[in-house]
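Colleague: Structure supplied as my_file-v5.cif; contents: mmCIF, C-alpha atoms and all ligand atoms; chains and numbers go by the auth columns.
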data_target
loop_
_atom_site.group_PDB
_atom_site.id
_atom_site.type_symbol
_atom_site.label_atom_id
_atom_site.label_comp_id
_atom_site.label_asym_id
_atom_site.label_seq_id
_atom_site.Cartn_x
_atom_site.Cartn_y
_atom_site.Cartn_z
_atom_site.B_iso_or_equiv
_atom_site.auth_seq_id
_atom_site.auth_asym_id
ATOM 1 C CA MET A 1 0.000 0.000 0.000 0.00 227 A
ATOM 2 C CA ASP A 2 1.186 3.513 -0.665 0.00 228 A
ATOM 3 C CA PHE A 3 0.928 5.367 2.630 0.00 229 A
ATOM 4 C CA PHE A 4 3.105 8.250 1.501 0.00 230 A
ATOM 5 C CA ARG A 5 1.032 9.731 -1.247 0.00 231 A
ATOM 6 C CA GLU A 6 2.458 12.488 -3.361 0.00 232 A
ATOM 7 C CA ASN A 7 1.253 15.910 -2.445 0.00 233 A
ATOM 8 C CA PRO A 8 0.372 17.338 -5.875 0.00 234 A
ATOM 9 C CA GLY A 9 -2.298 19.702 -4.608 0.00 235 A
ATOM 10 C CA GLY A 10 0.148 21.410 -2.270 0.00 236 A
ATOM 11 C CA ASP A 11 -1.485 20.158 0.903 0.00 237 A
ATOM 12 C CA SER A 12 -0.891 22.290 3.989 0.00 238 A
ATOM 13 C CA TRP A 13 -1.148 21.730 7.722 0.00 239 A
ATOM 14 C CA GLU A 14 -3.701 24.510 7.915 0.00 240 A
ATOM 15 C CA ALA A 15 -5.979 22.908 5.310 0.00 241 A
ATOM 16 C CA LEU A 16 -5.538 19.439 6.783 0.00 242 A
ATOM 17 C CA LYS A 17 -6.243 20.499 10.386 0.00 243 A
ATOM 18 C CA GLY A 18 -9.276 22.523 9.326 0.00 244 A
ATOM 19 C CA GLU A 19 -10.843 19.733 7.291 0.00 245 A
ATOM 20 C CA CYS A 20 -10.004 17.051 9.824 0.00 246 A
ATOM 21 C CA SER A 21 -11.473 18.999 12.761 0.00 247 A
ATOM 22 C CA ARG A 22 -14.928 18.725 11.162 0.00 248 A
ATOM 23 C CA CYS A 23 -14.672 15.015 10.314 0.00 249 A
ATOM 24 C CA MET A 24 -17.777 12.871 10.776 0.00 250 A
ATOM 25 C CA ASP A 25 -16.662 10.034 8.494 0.00 251 A
ATOM 26 C CA CYS A 26 -17.309 7.302 11.069 0.00 252 A
ATOM 27 C CA GLN A 27 -19.416 6.728 14.156 0.00 253 A
ATOM 28 C CA LEU A 28 -16.609 7.777 16.529 0.00 254 A
ATOM 29 C CA GLY A 29 -17.239 11.390 15.515 0.00 255 A
ATOM 30 C CA HIS A 30 -20.578 11.272 17.323 0.00 256 A
ATOM 31 C CA THR A 31 -19.185 10.327 20.727 0.00 257 A
ATOM 32 C CA ARG A 32 -15.921 12.298 20.831 0.00 258 A
ATOM 33 C CA GLN A 33 -15.296 15.217 23.189 0.00 259 A
ATOM 34 C CA HIS A 34 -12.309 16.323 21.123 0.00 260 A
ATOM 35 C CA LEU A 35 -10.721 15.105 17.938 0.00 261 A
ATOM 36 C CA VAL A 36 -7.084 14.217 18.660 0.00 262 A
ATOM 37 C CA PHE A 37 -5.183 15.321 15.579 0.00 263 A
ATOM 38 C CA GLY A 38 -1.506 14.850 16.423 0.00 264 A
ATOM 39 C CA VAL A 39 1.312 16.763 18.037 0.00 265 A
ATOM 40 C CA GLY A 40 5.008 17.446 17.790 0.00 266 A
ATOM 41 C CA ASN A 41 7.604 18.497 15.267 0.00 267 A
ATOM 42 C CA GLU A 42 5.884 18.786 11.896 0.00 268 A
ATOM 43 C CA SER A 43 9.093 17.951 10.058 0.00 269 A
ATOM 44 C CA ALA A 44 10.382 15.273 12.429 0.00 270 A
ATOM 45 C CA ASP A 45 12.662 12.447 11.324 0.00 271 A
ATOM 46 C CA VAL A 46 10.761 10.061 13.574 0.00 272 A
ATOM 47 C CA MET A 47 6.997 9.628 13.727 0.00 273 A
ATOM 48 C CA PHE A 48 5.261 7.562 16.424 0.00 274 A
ATOM 49 C CA ILE A 49 1.853 6.114 15.619 0.00 275 A
ATOM 50 C CA GLY A 50 -0.410 4.786 18.370 0.00 276 A
ATOM 51 C CA GLU A 51 -3.830 3.245 18.291 0.00 277 A
ATOM 52 C CA GLY A 52 -6.402 5.823 19.286 0.00 278 A
ATOM 53 C CA PRO A 53 -7.243 8.358 21.974 0.00 279 A
ATOM 54 C CA GLY A 54 -8.141 7.209 25.478 0.00 280 A
ATOM 55 C CA GLU A 55 -10.170 9.109 28.061 0.00 281 A
ATOM 56 C CA GLN A 56 -7.619 11.806 28.871 0.00 282 A
ATOM 57 C CA GLU A 57 -6.733 12.344 25.219 0.00 283 A
ATOM 58 C CA ASP A 58 -10.430 12.719 24.358 0.00 284 A
ATOM 59 C CA LEU A 59 -10.833 15.314 27.125 0.00 285 A
ATOM 60 C CA GLN A 60 -7.684 17.264 26.261 0.00 286 A
ATOM 61 C CA GLY A 61 -7.491 16.870 22.475 0.00 287 A
ATOM 62 C CA GLU A 62 -3.860 15.739 22.527 0.00 288 A
ATOM 63 C CA PRO A 63 -2.334 12.288 21.986 0.00 289 A
ATOM 64 C CA PHE A 64 -0.704 10.346 24.797 0.00 290 A
ATOM 65 C CA VAL A 65 -1.442 12.659 27.718 0.00 291 A
ATOM 66 C CA GLY A 66 -2.832 9.990 30.090 0.00 292 A
ATOM 67 C CA PRO A 67 -0.890 7.339 32.018 0.00 293 A
ATOM 68 C CA ALA A 68 0.376 5.658 28.812 0.00 294 A
ATOM 69 C CA GLY A 69 1.543 9.064 27.615 0.00 295 A
ATOM 70 C CA LYS A 70 3.602 9.618 30.760 0.00 296 A
ATOM 71 C CA LEU A 71 5.333 6.327 30.059 0.00 297 A
ATOM 72 C CA LEU A 72 5.850 7.301 26.414 0.00 298 A
ATOM 73 C CA ASP A 73 7.570 10.489 27.624 0.00 299 A
ATOM 74 C CA THR A 74 9.893 8.344 29.765 0.00 300 A
ATOM 75 C CA MET A 75 10.596 6.061 26.795 0.00 301 A
ATOM 76 C CA LEU A 76 11.537 9.111 24.719 0.00 302 A
ATOM 77 C CA GLN A 77 13.771 10.442 27.502 0.00 303 A
ATOM 78 C CA ILE A 78 15.664 7.145 27.623 0.00 304 A
ATOM 79 C CA ILE A 79 16.890 7.849 24.103 0.00 305 A
ATOM 80 C CA ASP A 80 17.378 11.595 24.613 0.00 306 A
ATOM 81 C CA LEU A 81 14.240 12.623 22.778 0.00 307 A
ATOM 82 C CA ASP A 82 11.210 14.630 23.777 0.00 308 A
ATOM 83 C CA ARG A 83 7.857 15.529 22.235 0.00 309 A
ATOM 84 C CA THR A 84 9.274 18.584 20.484 0.00 310 A
ATOM 85 C CA GLN A 85 11.578 16.401 18.388 0.00 311 A
ATOM 86 C CA VAL A 86 9.159 13.733 17.150 0.00 312 A
ATOM 87 C CA TYR A 87 5.651 13.715 15.697 0.00 313 A
ATOM 88 C CA ILE A 88 2.959 11.667 17.459 0.00 314 A
ATOM 89 C CA ALA A 89 -0.355 10.580 15.963 0.00 315 A
ATOM 90 C CA ASN A 90 -2.807 7.686 16.131 0.00 316 A
ATOM 91 C CA ILE A 91 -4.534 5.299 13.748 0.00 317 A
ATOM 92 C CA VAL A 92 -7.902 6.823 14.717 0.00 318 A
ATOM 93 C CA LYS A 93 -8.391 10.407 15.823 0.00 319 A
ATOM 94 C CA CYS A 94 -11.484 9.932 17.965 0.00 320 A
ATOM 95 C CA ARG A 95 -11.849 7.828 21.100 0.00 321 A
ATOM 96 C CA PRO A 96 -13.396 4.386 20.651 0.00 322 A
ATOM 97 C CA PRO A 97 -16.053 3.838 23.347 0.00 323 A
ATOM 98 C CA ARG A 98 -14.664 2.202 26.509 0.00 324 A
ATOM 99 C CA ASN A 99 -11.227 2.153 24.828 0.00 325 A
ATOM 100 C CA ARG A 100 -12.091 -0.833 22.640 0.00 326 A
ATOM 101 C CA ASP A 101 -9.905 -1.532 19.596 0.00 327 A
ATOM 102 C CA PRO A 102 -10.824 0.701 16.652 0.00 328 A
ATOM 103 C CA LEU A 103 -12.939 -1.290 14.170 0.00 329 A
ATOM 104 C CA PRO A 104 -11.641 -1.922 10.628 0.00 330 A
ATOM 105 C CA ASP A 105 -14.148 0.514 9.090 0.00 331 A
ATOM 106 C CA GLU A 106 -13.172 3.205 11.625 0.00 332 A
ATOM 107 C CA GLN A 107 -9.488 2.679 10.840 0.00 333 A
ATOM 108 C CA ALA A 108 -10.196 2.839 7.109 0.00 334 A
ATOM 109 C CA ALA A 109 -12.260 6.017 7.453 0.00 335 A
ATOM 110 C CA CYS A 110 -9.469 7.726 9.417 0.00 336 A
ATOM 111 C CA MET A 111 -6.489 6.547 7.336 0.00 337 A
ATOM 112 C CA PRO A 112 -6.667 9.324 4.691 0.00 338 A
ATOM 113 C CA TRP A 113 -6.021 11.936 7.415 0.00 339 A
ATOM 114 C CA LEU A 114 -3.003 10.008 8.664 0.00 340 A
ATOM 115 C CA GLU A 115 -1.713 9.558 5.107 0.00 341 A
ATOM 116 C CA ARG A 116 -1.824 13.325 4.649 0.00 342 A
ATOM 117 C CA GLN A 117 0.038 13.804 7.941 0.00 343 A
ATOM 118 C CA LEU A 118 2.648 11.281 6.810 0.00 344 A
ATOM 119 C CA ALA A 119 3.076 13.076 3.490 0.00 345 A
ATOM 120 C CA LEU A 120 3.530 16.441 5.252 0.00 346 A
ATOM 121 C CA VAL A 121 5.887 15.244 8.011 0.00 347 A
ATOM 122 C CA ASP A 122 7.790 12.971 5.591 0.00 348 A
ATOM 123 C CA PRO A 123 9.546 11.079 8.421 0.00 349 A
ATOM 124 C CA LYS A 124 12.506 8.812 7.794 0.00 350 A
ATOM 125 C CA ILE A 125 11.580 6.409 10.584 0.00 351 A
ATOM 126 C CA LEU A 126 8.170 5.141 11.679 0.00 352 A
ATOM 127 C CA VAL A 127 7.550 3.641 15.108 0.00 353 A
ATOM 128 C CA PHE A 128 4.262 1.849 15.665 0.00 354 A
ATOM 129 C CA LEU A 129 3.094 1.656 19.262 0.00 355 A
ATOM 130 C CA GLY A 130 1.293 -1.647 19.661 0.00 356 A
ATOM 131 C CA ARG A 131 -0.201 -4.316 17.500 0.00 357 A
ATOM 132 C CA ILE A 132 -3.089 -2.354 15.979 0.00 358 A
ATOM 133 C CA ALA A 133 -0.831 0.244 14.335 0.00 359 A
ATOM 134 C CA ALA A 134 1.698 -2.397 13.240 0.00 360 A
ATOM 135 C CA MET A 135 -1.057 -4.515 11.671 0.00 361 A
ATOM 136 C CA ALA A 136 -2.381 -1.490 9.781 0.00 362 A
ATOM 137 C CA PHE A 137 1.011 -0.526 8.311 0.00 363 A
ATOM 138 C CA ILE A 138 3.362 -3.511 8.320 0.00 364 A
ATOM 139 C CA LYS A 139 1.140 -6.562 7.748 0.00 365 A
ATOM 140 C CA PRO A 140 -2.275 -7.752 8.898 0.00 366 A
ATOM 141 C CA ASP A 141 -0.818 -10.788 10.681 0.00 367 A
ATOM 142 C CA PHE A 142 1.862 -8.833 12.557 0.00 368 A
ATOM 143 C CA ARG A 143 2.759 -10.538 15.852 0.00 369 A
ATOM 144 C CA ILE A 144 3.927 -7.962 18.359 0.00 370 A
ATOM 145 C CA THR A 145 5.392 -10.528 20.782 0.00 371 A
ATOM 146 C CA ARG A 146 7.638 -11.990 18.075 0.00 372 A
ATOM 147 C CA GLU A 147 8.265 -9.061 15.778 0.00 373 A
ATOM 148 C CA HIS A 148 8.664 -5.996 17.989 0.00 374 A
ATOM 149 C CA GLY A 149 12.042 -4.330 17.603 0.00 375 A
ATOM 150 C CA GLN A 150 12.607 -5.641 14.069 0.00 376 A
ATOM 151 C CA TRP A 151 13.006 -3.286 11.134 0.00 377 A
ATOM 152 C CA PHE A 152 10.511 -3.450 8.264 0.00 378 A
ATOM 153 C CA ASP A 153 10.176 -1.437 5.082 0.00 379 A
ATOM 154 C CA VAL A 154 7.022 0.667 4.793 0.00 380 A
ATOM 155 C CA ASP A 155 6.994 2.547 1.495 0.00 381 A
ATOM 156 C CA GLY A 156 10.772 2.907 1.570 0.00 382 A
ATOM 157 C CA ARG A 157 10.910 4.048 5.204 0.00 383 A
ATOM 158 C CA LYS A 158 12.412 2.185 8.132 0.00 384 A
ATOM 159 C CA ALA A 159 9.592 1.007 10.349 0.00 385 A
ATOM 160 C CA MET A 160 9.535 -0.771 13.694 0.00 386 A
ATOM 161 C CA ALA A 161 6.865 -1.702 16.216 0.00 387 A
ATOM 162 C CA MET A 162 7.227 -1.610 19.988 0.00 388 A
ATOM 163 C CA TYR A 163 4.920 -2.708 22.749 0.00 389 A
ATOM 164 C CA HIS A 164 2.242 -0.105 23.399 0.00 390 A
ATOM 165 C CA PRO A 165 2.969 1.853 26.596 0.00 391 A
ATOM 166 C CA SER A 166 -0.417 0.676 27.969 0.00 392 A
ATOM 167 C CA ALA A 167 0.778 -2.926 27.550 0.00 393 A
ATOM 168 C CA LEU A 168 3.961 -2.014 29.431 0.00 394 A
ATOM 169 C CA LEU A 169 1.863 -0.536 32.253 0.00 395 A
ATOM 170 C CA ARG A 170 -0.192 -3.743 32.444 0.00 396 A
ATOM 171 C CA ASP A 171 2.844 -6.033 32.196 0.00 397 A
ATOM 172 C CA PRO A 172 6.103 -4.422 33.370 0.00 398 A
ATOM 173 C CA SER A 173 7.993 -7.662 32.620 0.00 399 A
ATOM 174 C CA LYS A 174 7.974 -6.536 28.951 0.00 400 A
ATOM 175 C CA ARG A 175 9.933 -3.380 29.738 0.00 401 A
ATOM 176 C CA PRO A 176 13.459 -4.794 29.309 0.00 402 A
ATOM 177 C CA GLU A 177 12.582 -5.859 25.738 0.00 403 A
ATOM 178 C CA THR A 178 11.295 -2.359 25.048 0.00 404 A
ATOM 179 C CA PHE A 179 14.532 -0.890 26.386 0.00 405 A
ATOM 180 C CA VAL A 180 16.406 -2.947 23.787 0.00 406 A
ATOM 181 C CA ASP A 181 13.978 -1.753 21.063 0.00 407 A
ATOM 182 C CA LEU A 182 14.491 1.864 22.109 0.00 408 A
ATOM 183 C CA LYS A 183 18.262 1.447 21.863 0.00 409 A
ATOM 184 C CA THR A 184 17.840 -0.077 18.381 0.00 410 A
ATOM 185 C CA LEU A 185 15.802 2.990 17.420 0.00 411 A
ATOM 186 C CA GLN A 186 18.406 5.313 18.911 0.00 412 A
ATOM 187 C CA ARG A 187 21.173 3.698 16.843 0.00 413 A
ATOM 188 C CA GLU A 188 19.161 4.215 13.662 0.00 414 A
ATOM 189 C CA ILE A 189 18.464 7.859 14.519 0.00 415 A
ATOM 190 C CA ARG A 190 22.168 8.423 15.181 0.00 416 A
ATOM 191 C CA SER A 191 23.087 6.831 11.862 0.00 417 A
ATOM 192 C CA LEU A 192 20.729 9.258 10.085 0.00 418 A
ATOM 193 C CA ARG A 193 22.567 12.130 11.665 0.00 419 A
ATOM 194 C CA GLY A 194 25.869 10.645 10.532 0.00 420 A
HETATM 195 N N1 LIG B . -3.171 5.203 23.493 0.00 1 B
HETATM 196 C C1 LIG B . -2.990 5.449 22.178 0.00 1 B
HETATM 197 O O1 LIG B . -2.811 4.548 21.385 0.00 1 B
HETATM 198 N N2 LIG B . -2.980 6.711 21.790 0.00 1 B
HETATM 199 C C2 LIG B . -3.139 7.729 22.612 0.00 1 B
HETATM 200 O O2 LIG B . -3.120 8.874 22.168 0.00 1 B
HETATM 201 C C3 LIG B . -3.326 7.445 23.971 0.00 1 B
HETATM 202 C C4 LIG B . -3.340 6.180 24.397 0.00 1 B
#
Could you express the structure from this file as structure tokens?
Modeller:
Amino acid sequence: MDFFRENPGGDSWEALKGECSRCMDCQLGHTRQHLVFGVGNESADVMFIGEGPGEQEDLQGEPFVGPAGKLLDTMLQIIDLDRTQVYIANIVKCRPPRNRDPLPDEQAACMPWLERQLALVDPKILVFLGRIAAMAFIKPDFRITREHGQWFDVDGRKAMAMYHPSALLRDPSKRPETFVDLKTLQREIRSLRG
């Protein structure tokens, strides 16, 4: 699939944010408090993609601001990054009720917004947080337990999945593996910078 579409119409952040803020393309639009567009450096080398907003994100309109977000901040710190240096978005921009997985039709309805964000950020490295994002971009049968921390090619970009921070909160025994994945990511970022 071609996630990084060309930008022939001269897309802009202003146009994208304006159009997206009014989106009612799936049922999640009816129950959201806030649409959670994305945040961070709009020309980042590294883009993190999560699953979808939770309760705090829905209330505040920003990705990863709840407990999982605090852990994501710590993960970034471990490799000397912070939110100002990366771009963070989700597969769906509105909160699924009771934090259930976003349904395939909800993911499909939201994907064009994310594709436009990808085209504008034009990151060199993609990091998928959790199985849902990895299945959407890497392959439908992606197995997070076996394949986290491995590099894949997504439309010519380096792409890796890590355990979702919520999974690491539920099961701290997975944290050492995530530390290794973060160090793998850090090496790749350093090699970009030469
Ligand atoms: N979990 C996600 O996948 N995304 C968020 O923004 C928050 C929690």
Colleague: Using the chain letters and numbers from the file, give me the residues hit by the PyMOL selection byres (((chain A and resi 317-332) around 6) and not hetatm), as a list in words.
Modeller: Cys252, Leu254, Arg258, Leu261, Val262, Phe263, Glu277, Gly278, Pro279, Gly280, Asn316, Gln333, Ala334, Ala335 and Cys336 of chain A
Colleague: Care to translate the PyMOL selection byres (((chain A and resi 357) around 8) and not hetatm) into actual residues of this file, as an NGL selection string?
Modeller: :A and (354-356 or 358-361 or 368-370 or 387 or 389-390)
Colleague: Check the smallest atom-to-atom distance from each of A:Glu414, A:Asp397, A:Glu281, A:Glu245 to ligand LIG 1 (chain B) using only C-alpha atoms and all ligand atoms, then report the winner.
Modeller: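 Comparing A:Glu414, A:Asp397, A:Glu281, A:Glu245 against ligand LIG 1 (chain B), the winner is A:Glu281.
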Colleague: Here is a test: counting all atoms listed in the file, which residue of A:Ala270, A:Ala241, A:Met388, A:Ala345 is nearest to ligand LIG 1 (chain B)?
Modeller: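 When distances to ligand LIG 1 (chain B) are compared using all atoms listed in the file, the smallest one comes from A:Met388.
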Colleague: So how far away is atom CA of A:Arg396 from atom CA of A:Thr310, in Å?
Modeller: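 So the answer is 27.0 Å.
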Colleague: Grab the atom CA of A:Asp379 to atom CA of A:Gly420 distance for me, in Å with one decimal place.
Modeller: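 Between these atoms lies a distance of 20.5 Å.
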Colleague: Taking all atoms of ligand LIG 1 (chain B) that appear in the file, build a box with edges along x, y and z, extend it by 5 Å on every side, and state its centre and edge lengths in Å to one decimal, as lines of an AutoDock Vina configuration file.
Modeller:
center_x = -3.1
center_y = 6.7
center_z = 22.9
size_x = 10.5
size_y = 14.3
size_z = 13.0
Colleague: Could you check the closest approach to A:Leu242 for each of A:Gln311, A:Gln343, A:Thr300, A:Ser399 and tell me which residue wins, using all atoms listed in the file?
Modeller: A:Gln343
Colleague: Which is closest to A:Lys296 among A:Ser269, A:Gln376, A:Thr257, A:Ser392, if we use only C-alpha atoms?
Modeller: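 Residue with the minimum atom-to-atom distance to A:Lys296: A:Ser392.
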Colleague: As an exercise, work out the distance from atom CA of A:Trp339 to atom CA of A:Asp299 in Å and give it to one decimal place.
Modeller: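 Separation between atom CA of A:Trp339 and atom CA of A:Asp299: 24.4 Å.
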Colleague: With the file shown as input, list the residues that the PyMOL selection byres (((chain A and resi 302) around 12) and not hetatm) selects, as a ChimeraX atom specification.
Modeller: /A:272-274,295-301,303-314,353,391,404-405,407-409,411-412
Colleague: Return the single residue from A:Glu288, A:Asp348, A:Glu240, A:Asp367 that is closest to ligand LIG 1 (chain B), with distances computed using only C-alpha atoms and all ligand atoms.
Modeller: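 Of A:Glu288, A:Asp348, A:Glu240, A:Asp367, the one nearest ligand LIG 1 (chain B) is A:Glu288, counting only C-alpha atoms and all ligand atoms.
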Colleague: May I ask which of the residues A:Arg401, A:Lys350, A:Lys384, A:Lys243 is the closest one to A:Ile364, counting only C-alpha atoms?
Modeller: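 When distances to A:Ile364 are compared using only C-alpha atoms, the smallest one comes from A:Lys384.
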Colleague: Please determine the residues with any atom at most 8 Å from (-14.5, 17.3, 28.7) (coordinates as given in the file, with only C-alpha atoms counting) and report them as a PyMOL selection string.
Modeller: chain A and resi 259-260+284-286
Colleague: Save out the residues we just selected, C-alpha atoms, as a CSV table (one decimal), keeping the file's coordinate frame.
Modeller:
chain,number,residue,atom,x,y,z
A,259,GLN,CA,-15.3,15.2,23.2
A,260,HIS,CA,-12.3,16.3,21.1
A,284,ASP,CA,-10.4,12.7,24.4
A,285,LEU,CA,-10.8,15.3,27.1
A,286,GLN,CA,-7.7,17.3,26.3
